[in-house]
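For reference, run.csv is printed below; it contains CSV, C-alpha atoms and all ligand atoms.
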```
chain,number,residue,atom,x,y,z
A,3,MET,CA,79.6,120.3,112.5
A,4,ASP,CA,75.8,119.7,112.6
A,5,GLY,CA,75.3,116.4,114.4
A,6,THR,CA,71.6,116.1,113.6
A,7,LEU,CA,70.4,112.6,112.5
A,8,ILE,CA,67.7,112.4,109.9
A,9,CYS,CA,65.4,109.6,108.9
A,10,PRO,CA,65.3,109.0,105.1
A,11,ALA,CA,61.9,107.2,105.4
A,12,CYS,CA,59.8,109.8,107.4
A,13,GLY,CA,62.0,112.9,107.6
A,14,ALA,CA,62.2,112.9,111.4
A,15,GLN,CA,65.2,114.6,112.9
A,16,TYR,CA,67.1,113.9,116.1
A,17,PRO,CA,69.9,115.9,117.8
A,18,GLU,CA,73.0,113.8,118.2
A,19,ASP,CA,72.7,114.1,122.0
A,20,ASP,CA,69.5,112.0,121.9
A,21,VAL,CA,71.8,109.0,121.2
A,22,VAL,CA,69.0,107.1,119.3
A,23,TRP,CA,70.1,104.2,117.1
A,24,ARG,CA,67.1,104.1,114.8
A,25,CYS,CA,64.0,106.2,114.0
A,26,ARG,CA,60.8,105.8,115.9
A,27,CYS,CA,59.3,104.7,112.5
A,28,GLY,CA,61.8,101.8,112.5
A,29,SER,CA,64.1,103.1,109.7
A,30,TYR,CA,67.8,103.5,110.0
A,31,LEU,CA,69.1,107.1,110.4
A,32,ASP,CA,71.7,109.0,108.5
A,33,LEU,CA,73.7,112.1,109.3
A,34,LYS,CA,72.1,115.3,108.0
A,35,GLU,CA,75.4,117.0,107.5
A,36,THR,CA,77.1,116.7,104.1
A,37,PHE,CA,80.8,117.1,103.7
A,38,ARG,CA,82.7,118.8,100.9
A,39,PRO,CA,86.1,117.3,100.6
A,40,ASP,CA,89.1,119.5,99.8
A,41,PRO,CA,92.3,117.4,99.3
A,42,THR,CA,94.5,120.3,100.5
A,43,ASN,CA,93.0,119.6,103.9
A,44,PHE,CA,94.2,116.0,103.9
A,45,GLN,CA,97.2,116.2,106.3
A,46,GLY,CA,98.8,113.5,108.4
A,47,ASN,CA,99.0,109.8,107.9
A,48,HIS,CA,96.3,107.8,109.7
A,49,PHE,CA,92.8,108.0,108.4
A,50,LEU,CA,91.1,109.7,111.4
A,51,GLN,CA,93.6,112.6,111.1
A,52,ARG,CA,94.0,112.7,107.4
A,53,TYR,CA,90.3,112.8,106.6
A,54,SER,CA,89.3,114.7,109.7
A,55,SER,CA,87.7,117.5,107.6
A,56,VAL,CA,85.1,115.0,106.2
A,57,LEU,CA,84.5,113.0,109.5
A,58,PRO,CA,81.6,113.7,111.9
A,59,LEU,CA,83.7,114.1,115.0
A,60,ARG,CA,83.9,117.3,117.0
A,61,ASN,CA,87.6,117.0,117.6
A,62,PRO,CA,88.9,114.3,115.3
A,63,LYS,CA,92.6,115.3,115.8
A,64,ASN,CA,92.3,114.2,119.4
A,65,ALA,CA,90.5,110.9,118.5
A,66,ALA,CA,91.8,107.7,120.0
A,67,SER,CA,93.5,105.6,117.4
A,68,PHE,CA,96.2,103.0,116.7
A,69,GLY,CA,98.0,105.5,114.4
A,70,GLU,CA,96.8,103.4,111.4
A,71,ASN,CA,98.8,103.9,108.2
A,72,PRO,CA,97.2,103.8,104.8
A,73,THR,CA,96.8,100.2,103.7
A,74,PRO,CA,98.6,99.2,100.4
A,75,LEU,CA,96.9,99.1,97.0
A,76,HIS,CA,98.5,96.0,95.6
A,77,PRO,CA,98.5,94.6,92.0
A,78,MET,CA,97.3,91.0,91.6
A,79,VAL,CA,95.9,89.0,88.7
A,80,PHE,CA,92.8,86.8,88.9
A,81,TYR,CA,91.5,84.8,86.0
A,82,GLY,CA,93.8,86.9,83.7
A,83,ILE,CA,92.2,90.1,85.0
A,84,PRO,CA,94.7,92.7,86.5
A,85,VAL,CA,93.2,93.9,89.8
A,86,GLN,CA,94.3,96.3,92.5
A,87,VAL,CA,93.6,94.9,95.9
A,88,LYS,CA,93.1,97.2,98.8
A,89,MET,CA,94.7,95.4,101.7
A,90,ASP,CA,92.4,96.6,104.5
A,91,TYR,CA,92.9,93.3,106.3
A,92,LEU,CA,96.2,94.8,107.5
A,93,LEU,CA,94.4,97.2,109.9
A,94,ALA,CA,94.8,96.7,113.6
A,95,THR,CA,92.2,94.0,114.2
A,96,GLY,CA,92.6,92.4,110.7
A,97,SER,CA,89.6,93.8,108.9
A,98,PHE,CA,88.2,96.9,107.2
A,99,LYS,CA,85.7,97.3,110.1
A,100,ASP,CA,88.4,99.2,112.1
A,101,ARG,CA,87.6,102.2,110.0
A,102,GLY,CA,83.9,102.2,111.0
A,103,ALA,CA,84.6,101.2,114.6
A,104,ALA,CA,87.2,104.0,115.0
A,105,VAL,CA,84.7,106.7,114.1
A,106,MET,CA,81.7,105.1,115.9
A,107,ILE,CA,83.5,104.4,119.1
A,108,ASN,CA,85.1,107.9,119.2
A,109,LYS,CA,81.7,109.3,118.7
A,110,CYS,CA,80.4,107.3,121.6
A,111,ARG,CA,83.3,108.7,123.7
A,112,GLU,CA,82.3,112.3,122.6
A,113,LEU,CA,78.7,111.6,123.6
A,114,GLY,CA,79.8,110.3,127.1
A,115,ILE,CA,78.6,106.8,126.4
A,116,SER,CA,80.4,104.3,128.6
A,117,HIS,CA,78.5,101.0,127.9
A,118,ILE,CA,77.6,99.7,124.5
A,119,VAL,CA,76.0,96.6,122.9
A,120,GLU,CA,77.0,95.3,119.4
A,121,ASP,CA,76.0,92.2,117.4
A,122,SER,CA,78.2,90.8,114.7
A,123,SER,CA,79.3,87.8,112.8
A,124,GLY,CA,82.8,88.5,113.9
A,125,ASN,CA,84.9,91.2,112.2
A,126,SER,CA,83.0,94.2,113.4
A,127,ALA,CA,82.8,92.7,116.8
A,128,SER,CA,86.5,92.5,117.0
A,129,ALA,CA,86.9,96.0,115.7
A,130,VAL,CA,84.4,97.4,118.2
A,131,ALA,CA,85.9,95.4,121.0
A,132,ALA,CA,89.4,96.7,120.2
A,133,TYR,CA,88.4,100.4,120.0
A,134,SER,CA,86.3,100.0,123.1
A,135,ALA,CA,89.4,98.6,124.9
A,136,LEU,CA,91.4,101.6,123.6
A,137,THR,CA,88.8,104.1,124.9
A,138,GLY,CA,87.8,102.4,128.1
A,139,ILE,CA,84.2,101.7,127.0
A,140,ASP,CA,82.5,98.6,128.4
A,141,ALA,CA,81.4,96.5,125.3
A,142,HIS,CA,78.9,93.6,125.3
A,143,ILE,CA,79.2,91.7,122.0
A,144,PHE,CA,76.5,89.3,120.7
A,145,MET,CA,77.7,86.7,118.3
A,146,PRO,CA,76.2,83.6,116.7
A,147,GLU,CA,77.2,80.4,118.5
A,148,GLY,CA,78.7,78.6,115.5
A,149,ASN,CA,81.1,81.4,114.4
A,150,SER,CA,84.9,81.1,113.6
A,151,SER,CA,86.6,80.5,116.9
A,152,ALA,CA,89.4,82.9,116.2
A,153,LYS,CA,86.9,85.8,116.0
A,154,THR,CA,85.3,84.9,119.4
A,155,ILE,CA,88.7,84.5,121.0
A,156,GLN,CA,89.8,87.9,119.6
A,157,VAL,CA,86.7,89.6,121.0
A,158,SER,CA,86.9,88.1,124.5
A,159,THR,CA,90.6,88.6,124.7
A,160,TYR,CA,90.1,92.4,124.1
A,161,GLY,CA,88.1,92.3,127.3
A,162,ALA,CA,84.6,92.6,125.8
A,163,THR,CA,81.8,90.5,127.4
A,164,LEU,CA,80.9,87.9,124.8
A,165,HIS,CA,77.3,86.6,124.5
A,166,LYS,CA,77.1,83.5,122.3
A,167,ILE,CA,73.6,83.3,120.9
A,168,PRO,CA,72.1,80.1,119.4
A,169,GLY,CA,70.7,80.5,115.9
A,170,ASN,CA,71.6,82.9,113.2
A,171,ARG,CA,72.5,86.6,112.8
A,172,THR,CA,68.9,87.6,113.1
A,173,ASP,CA,68.5,85.8,116.5
A,174,CYS,CA,71.7,87.6,117.5
A,175,ALA,CA,70.4,91.0,116.5
A,176,MET,CA,67.2,90.5,118.5
A,177,ALA,CA,69.1,89.5,121.6
A,178,ALA,CA,71.4,92.5,121.2
A,179,GLU,CA,68.4,94.9,120.8
A,180,GLU,CA,66.9,93.6,123.9
A,181,ALA,CA,70.1,94.1,125.9
A,182,ALA,CA,70.4,97.6,124.5
A,183,ALA,CA,67.4,98.7,126.4
A,184,ASP,CA,69.8,99.5,129.3
A,185,SER,CA,72.8,100.5,127.1
A,186,TYR,CA,73.6,102.1,123.8
A,187,TYR,CA,73.1,99.9,120.7
A,188,ALA,CA,76.3,100.7,118.8
A,189,ALA,CA,75.2,98.5,115.9
A,190,HIS,CA,77.5,98.9,112.9
A,191,ILE,CA,74.7,98.0,110.6
A,192,TRP,CA,72.5,100.9,111.8
A,193,ASN,CA,75.0,103.4,112.9
A,194,PRO,CA,75.6,106.3,110.5
A,195,TYR,CA,79.0,107.2,112.1
A,196,PHE,CA,80.2,103.7,111.2
A,197,LEU,CA,79.6,104.4,107.5
A,198,HIS,CA,81.5,107.7,107.7
A,199,GLY,CA,84.4,105.6,109.0
A,200,THR,CA,84.2,103.0,106.3
A,201,LYS,CA,84.1,105.7,103.7
A,202,THR,CA,87.7,106.6,104.4
A,203,VAL,CA,88.8,103.5,102.4
A,204,ILE,CA,87.7,105.2,99.1
A,205,TYR,CA,89.5,108.4,100.0
A,206,GLU,CA,92.7,106.4,100.4
A,207,ILE,CA,92.0,104.4,97.2
A,208,MET,CA,91.4,107.6,95.2
A,209,GLU,CA,94.5,109.3,96.6
A,210,GLN,CA,96.5,106.2,95.7
A,211,MET,CA,95.1,106.3,92.2
A,212,ASN,CA,95.7,110.0,91.8
A,213,TRP,CA,92.0,110.7,91.7
A,214,ASP,CA,91.5,108.7,88.6
A,215,ALA,CA,88.5,106.6,89.5
A,216,PRO,CA,88.6,102.8,88.8
A,217,GLY,CA,85.9,101.4,86.5
A,218,TYR,CA,84.7,98.7,89.0
A,219,ILE,CA,84.9,97.9,92.7
A,220,PHE,CA,83.9,94.4,93.7
A,221,ILE,CA,82.6,94.3,97.3
A,222,PRO,CA,81.4,91.5,99.5
A,223,VAL,CA,78.0,92.6,100.8
A,224,GLY,CA,76.5,91.4,104.1
A,225,SER,CA,75.1,94.5,105.9
A,226,GLY,CA,76.7,96.6,103.2
A,227,THR,CA,78.8,98.8,105.5
A,228,GLN,CA,81.7,98.8,103.1
A,229,LEU,CA,79.7,99.4,100.0
A,230,LEU,CA,77.6,102.1,101.6
A,231,GLY,CA,80.7,103.8,103.0
A,232,ILE,CA,82.4,103.8,99.6
A,233,CYS,CA,79.2,105.2,98.0
A,234,LEU,CA,79.0,107.9,100.6
A,235,GLY,CA,82.6,108.9,100.0
A,236,LEU,CA,82.1,108.9,96.2
A,237,GLN,CA,79.0,111.1,96.5
A,238,GLU,CA,81.0,113.6,98.5
A,239,MET,CA,83.8,113.6,95.9
A,240,LYS,CA,81.3,114.0,93.1
A,241,ARG,CA,79.6,116.9,94.8
A,242,ALA,CA,82.9,118.5,95.3
A,243,GLY,CA,83.9,118.0,91.6
A,244,LEU,CA,86.8,115.7,92.5
A,245,ILE,CA,85.4,112.9,90.3
A,246,THR,CA,83.0,113.2,87.4
A,247,LYS,CA,81.9,109.6,87.1
A,248,TYR,CA,81.3,106.8,89.6
A,249,PRO,CA,83.1,103.5,89.7
A,250,ARG,CA,80.5,100.7,89.3
A,251,LEU,CA,79.9,99.2,92.7
A,252,MET,CA,79.5,95.5,92.4
A,253,ALA,CA,77.6,93.9,95.3
A,254,VAL,CA,78.9,90.3,95.8
A,255,GLN,CA,76.9,87.8,97.7
A,256,SER,CA,77.1,84.1,98.5
A,257,GLU,CA,74.6,81.8,96.7
A,258,HIS,CA,73.3,80.9,100.2
A,259,CYS,CA,72.2,84.4,101.0
A,260,THR,CA,71.3,87.0,98.2
A,261,PRO,CA,69.0,89.6,99.8
A,262,VAL,CA,70.2,92.4,97.4
A,263,LYS,CA,69.4,90.5,94.3
A,264,ASN,CA,66.1,89.2,95.7
A,265,PHE,CA,65.1,92.6,96.8
A,266,ALA,CA,65.7,93.9,93.3
A,267,LEU,CA,63.6,91.1,91.9
A,268,GLY,CA,60.8,91.7,94.5
A,269,LYS,CA,61.5,88.3,96.2
A,270,VAL,CA,61.9,87.3,99.8
A,271,THR,CA,65.3,85.8,100.7
A,272,PRO,CA,64.8,82.2,101.8
A,273,GLU,CA,65.9,80.9,105.2
A,274,LEU,CA,69.7,80.3,105.6
A,275,PRO,CA,71.0,76.7,105.8
A,276,LYS,CA,71.6,75.3,109.3
A,277,THR,CA,75.2,74.5,108.6
A,278,PRO,CA,77.8,77.3,108.9
A,279,ILE,CA,78.1,79.3,105.7
A,280,LEU,CA,81.6,79.6,104.2
A,281,ALA,CA,81.4,83.3,103.6
A,282,GLU,CA,80.0,83.9,107.1
A,283,GLY,CA,80.6,87.7,107.0
A,284,ILE,CA,78.0,88.2,104.3
A,285,ALA,CA,75.3,85.8,105.6
A,286,ILE,CA,72.9,88.6,106.5
A,287,ARG,CA,69.3,87.7,105.4
A,288,HIS,CA,67.7,91.1,106.2
A,289,PRO,CA,70.3,93.9,106.0
A,290,ALA,CA,68.8,97.0,107.8
A,291,ARG,CA,70.0,99.2,104.9
A,292,LEU,CA,68.9,96.9,102.1
A,293,SER,CA,67.1,99.6,100.0
A,294,GLN,CA,70.1,101.9,100.5
A,295,ILE,CA,72.4,99.2,99.2
A,296,LEU,CA,70.4,98.6,96.1
A,297,GLN,CA,70.2,102.4,95.5
A,298,ALA,CA,74.0,102.6,95.7
A,299,VAL,CA,74.4,99.8,93.2
A,300,LYS,CA,71.9,101.5,90.8
A,301,GLU,CA,73.3,105.0,91.3
A,302,THR,CA,76.8,103.9,90.3
A,303,GLY,CA,75.7,101.7,87.4
A,304,GLY,CA,76.8,98.6,89.3
A,305,ASP,CA,75.4,95.1,89.6
A,306,THR,CA,74.9,92.2,91.9
A,307,VAL,CA,77.0,89.0,91.6
A,308,THR,CA,76.2,85.7,93.3
A,309,VAL,CA,79.1,83.3,93.9
A,310,THR,CA,79.3,79.6,94.8
A,311,ASP,CA,81.3,78.1,97.7
A,312,ARG,CA,83.4,76.3,95.2
A,313,ASP,CA,84.5,79.5,93.4
A,314,ILE,CA,85.1,81.1,96.8
A,315,VAL,CA,87.6,78.3,97.7
A,316,GLU,CA,89.2,78.7,94.3
A,317,GLY,CA,89.6,82.4,94.7
A,318,LEU,CA,91.0,82.0,98.2
A,319,GLN,CA,93.6,79.6,96.9
A,320,MET,CA,94.5,81.7,93.9
A,321,ALA,CA,95.1,84.7,96.2
A,322,ALA,CA,97.1,82.6,98.6
A,323,HIS,CA,99.4,81.4,95.8
A,324,GLN,CA,100.2,85.1,95.1
A,325,GLY,CA,101.1,85.6,98.8
A,326,VAL,CA,97.8,87.0,100.0
A,327,PHE,CA,95.9,85.1,102.8
A,328,MET,CA,92.3,86.3,103.0
A,329,GLU,CA,89.2,85.0,104.7
A,330,PRO,CA,86.5,83.3,102.6
A,331,THR,CA,84.2,86.3,102.8
A,332,SER,CA,86.9,88.4,101.1
A,333,ALA,CA,87.5,85.7,98.5
A,334,SER,CA,83.9,86.0,97.4
A,335,ALA,CA,84.9,89.2,95.6
A,336,VAL,CA,87.7,87.3,93.8
A,337,ALA,CA,85.2,84.6,92.9
A,338,ALA,CA,82.9,87.2,91.4
A,339,LEU,CA,85.6,88.1,88.9
A,340,LYS,CA,85.4,84.6,87.5
A,341,GLN,CA,81.9,84.9,86.3
A,342,TYR,CA,81.8,88.7,85.7
A,343,GLY,CA,85.3,88.9,84.1
A,344,ASN,CA,84.1,88.3,80.6
A,345,ARG,CA,82.0,91.5,80.8
A,346,LEU,CA,85.0,93.6,81.6
A,347,SER,CA,87.1,95.2,78.9
A,348,ALA,CA,90.8,95.5,78.7
A,349,VAL,CA,90.7,99.2,79.8
A,350,ASP,CA,88.5,98.6,82.9
A,351,ARG,CA,90.5,99.1,86.0
A,352,VAL,CA,89.3,96.9,88.9
A,353,VAL,CA,89.6,97.4,92.6
A,354,VAL,CA,88.9,94.7,95.2
A,355,PRO,CA,89.0,95.7,98.8
A,356,LEU,CA,90.2,92.8,101.0
A,357,THR,CA,87.9,92.9,103.9
A,358,GLY,CA,89.3,90.4,106.4
A,359,HIS,CA,92.5,88.4,107.2
A,360,GLY,CA,92.7,84.7,106.5
A,361,LEU,CA,94.1,84.1,110.0
A,362,LYS,CA,90.7,84.9,111.4
A,363,ALA,CA,89.3,81.9,109.7
A,364,SER,CA,92.3,79.6,109.6
A,365,SER,CA,90.5,76.6,111.2
A,366,ARG,CA,87.6,76.9,108.6
A,367,ILE,CA,90.2,77.2,105.8
A,368,GLN,CA,91.9,74.1,107.1
A,369,GLN,CA,88.5,72.3,106.9
A,370,ILE,CA,87.7,73.3,103.4
A,371,MET,CA,91.1,73.0,101.9
A,372,GLY,CA,92.4,70.0,103.8
A,373,THR,CA,95.6,71.9,104.7
A,374,GLN,CA,97.7,70.6,107.7
B,1,ZN,ZN,61.5,107.6,110.4
```
Show me the file's structure as structure tokens.
Amino acid sequence: MDGTLICPACGAQYPEDDVVWRCRCGSYLDLKETFRPDPTNFQGNHFLQRYSSVLPLRNPKNAASFGENPTPLHPMVFYGIPVQVKMDYLLATGSFKDRGAAVMINKCRELGISHIVEDSSGNSASAVAAYSALTGIDAHIFMPEGNSSAKTIQVSTYGATLHKIPGNRTDCAMAAEEAAADSYYAAHIWNPYFLHGTKTVIYEIMEQMNWDAPGYIFIPVGSGTQLLGICLGLQEMKRAGLITKYPRLMAVQSEHCTPVKNFALGKVTPELPKTPILAEGIAIRHPARLSQILQAVKETGGDTVTVTDRDIVEGLQMAAHQGVFMEPTSASAVAALKQYGNRLSAVDRVVVPLTGHGLKASSRIQQIMGTQ
């Protein structure tokens, strides 16, 4: 495997041993290598093994893992629309971020990195902390001060050093970048290996759907690591002739923070409100890969959908009454179906990846729903 990193903005290239986290021009970096999936190579159960032929690890079969099984693709109904939900909140730390962290942290291990810095609103912090604990890497995690307590408890219990930063996610990222001067900035939003991890969800979905691609995938978008990973996987499948047409990737954002839509309209995203945002996982005002997110939406014929807090609460409750307890960020994708549903036809098959477990936000859910 060629581990060269390439800058999509200026074309600069870096050998993987340079362990840079962004280009000297300021852009994010991608992996130069492109993978050509062949399903006959998909052996084993957990995603690091099963999709090892399309992962940028030198020795993926020896990668550290929790032996993750494929997560279920489960039928539900929202607003009369039949939907397959991908239950990625059942991964080891309770969110889809385990896929990205598994590849990123194993890559750190391969490169001999023993100390890392990461900043996150919560789910990726937990995933990075867990895989760092698994591999013996010393992790320093920067999180916004007002985050869900369950997520901060999870991170520090894994043994990571937690730095609570006053302010928002941008303040947090700046503090982490500063600290990374003496460490490796394993930032999920910049790191290309993380995206190659999150792409495994679409391989699982496509196998579970017998390679018959759904019409739509509704995805909560903060930094876009799930949407970009899914797009990356779909591009690989299309190049290999496994699919002929893309599912439409629908970027779902909270009404409080809509950088993708604003970027498409040539507008600047306003400051975030001071109070904690219900869908905290997608409150990212300046996603590092914003142009790439918009390109993925365009390339797949997708769209952006903005949802209200009221609809998020309704979606969360509707899911819970079908036995599925998801965090508010996940419920934003359900809320998107309410307003976009009338544009879907009866033959459109819809997938909604469930990004995070409700238990991670139970105190917040208690506040908003008045549950005991
Ligand atoms: Zn560059």
List as a count of residues only the residues having at least one atom at most 9 Å from position (95.4, 82.1, 89.5) as given in the file, counting only C-alpha atoms.
11
If you count all atoms listed in the file, which residues fall within 7 Å of Phe220 (chain A), apart from same-chain ones fewer than 5 positions away, as JSON, numbers by chain?
{"A": [251, 252, 253, 254, 335, 353, 354]}
Separation of CA of Ala242 (chain A) from CA of Val105 (chain A) in Å:
22.3 Å
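Near Asp19 (chain A), within a cut-off of 9 Å and counting only C-alpha atoms, sit the residues Gly5, Thr6 and Leu113 of chain A, with same-chain residues fewer than 5 positions away left out.
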Selection above as a file: C-alpha atoms, as a short mmCIF file (atom, residue, chain, number, x, y, z; two decimals), in the frame of the given file:
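So selection.cif came out as:
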```
data_model
loop_
_atom_site.label_atom_id
_atom_site.label_comp_id
_atom_site.auth_asym_id
_atom_site.auth_seq_id
_atom_site.Cartn_x
_atom_site.Cartn_y
_atom_site.Cartn_z
CA GLY A 5 75.30 116.40 114.40
CA THR A 6 71.60 116.10 113.60
CA LEU A 113 78.70 111.60 123.60
#
```
Please return as JSON, numbers by chain the residues found within 8 Å of ligand ZN 1 (chain B), counting all atoms listed in the file.
{"A": [8, 9, 10, 11, 12, 13, 14, 24, 25, 26, 27, 28, 29, 30, 31]}
Completed region 144-161 of chain A (N, CA and C atoms) as a CSV table (one decimal), keeping the file's coordinate frame:
```
chain,number,residue,atom,x,y,z
A,144,PHE,N,77.4,90.4,121.0
A,144,PHE,CA,76.5,89.3,120.7
A,144,PHE,C,76.9,88.7,119.4
A,145,MET,N,77.3,87.4,119.5
A,145,MET,CA,77.7,86.7,118.3
A,145,MET,C,77.0,85.4,118.1
A,146,PRO,N,76.8,84.9,116.9
A,146,PRO,CA,76.2,83.6,116.7
A,146,PRO,C,77.1,82.5,117.2
A,147,GLU,N,76.5,81.5,117.8
A,147,GLU,CA,77.2,80.4,118.5
A,147,GLU,C,78.2,79.7,117.6
A,148,GLY,N,77.9,79.5,116.3
A,148,GLY,CA,78.7,78.6,115.5
A,148,GLY,C,79.8,79.4,114.7
A,149,ASN,N,80.2,80.6,115.2
A,149,ASN,CA,81.1,81.4,114.4
A,149,ASN,C,82.6,80.9,114.5
A,150,SER,N,83.4,81.4,113.6
A,150,SER,CA,84.9,81.1,113.6
A,150,SER,C,85.4,81.3,115.0
A,151,SER,N,86.1,80.3,115.6
A,151,SER,CA,86.6,80.5,116.9
A,151,SER,C,87.6,81.6,117.1
A,152,ALA,N,88.4,81.8,116.1
A,152,ALA,CA,89.4,82.9,116.2
A,152,ALA,C,88.8,84.2,116.4
A,153,LYS,N,87.6,84.5,115.8
A,153,LYS,CA,86.9,85.8,116.0
A,153,LYS,C,86.4,85.9,117.5
A,154,THR,N,85.8,84.8,118.0
A,154,THR,CA,85.3,84.9,119.4
A,154,THR,C,86.4,85.1,120.4
A,155,ILE,N,87.5,84.4,120.1
A,155,ILE,CA,88.7,84.5,121.0
A,155,ILE,C,89.2,85.9,121.0
A,156,GLN,N,89.3,86.5,119.8
A,156,GLN,CA,89.8,87.9,119.6
A,156,GLN,C,88.9,88.8,120.4
A,157,VAL,N,87.6,88.7,120.3
A,157,VAL,CA,86.7,89.6,121.0
A,157,VAL,C,86.8,89.5,122.5
A,158,SER,N,86.8,88.3,123.0
A,158,SER,CA,86.9,88.1,124.5
A,158,SER,C,88.2,88.5,125.0
A,159,THR,N,89.3,88.3,124.2
A,159,THR,CA,90.6,88.6,124.7
A,159,THR,C,90.8,90.2,124.8
A,160,TYR,N,90.1,90.9,124.0
A,160,TYR,CA,90.1,92.4,124.1
A,160,TYR,C,89.5,92.8,125.4
A,161,GLY,N,88.7,91.9,126.0
A,161,GLY,CA,88.1,92.3,127.3
A,161,GLY,C,86.6,92.6,127.2
```
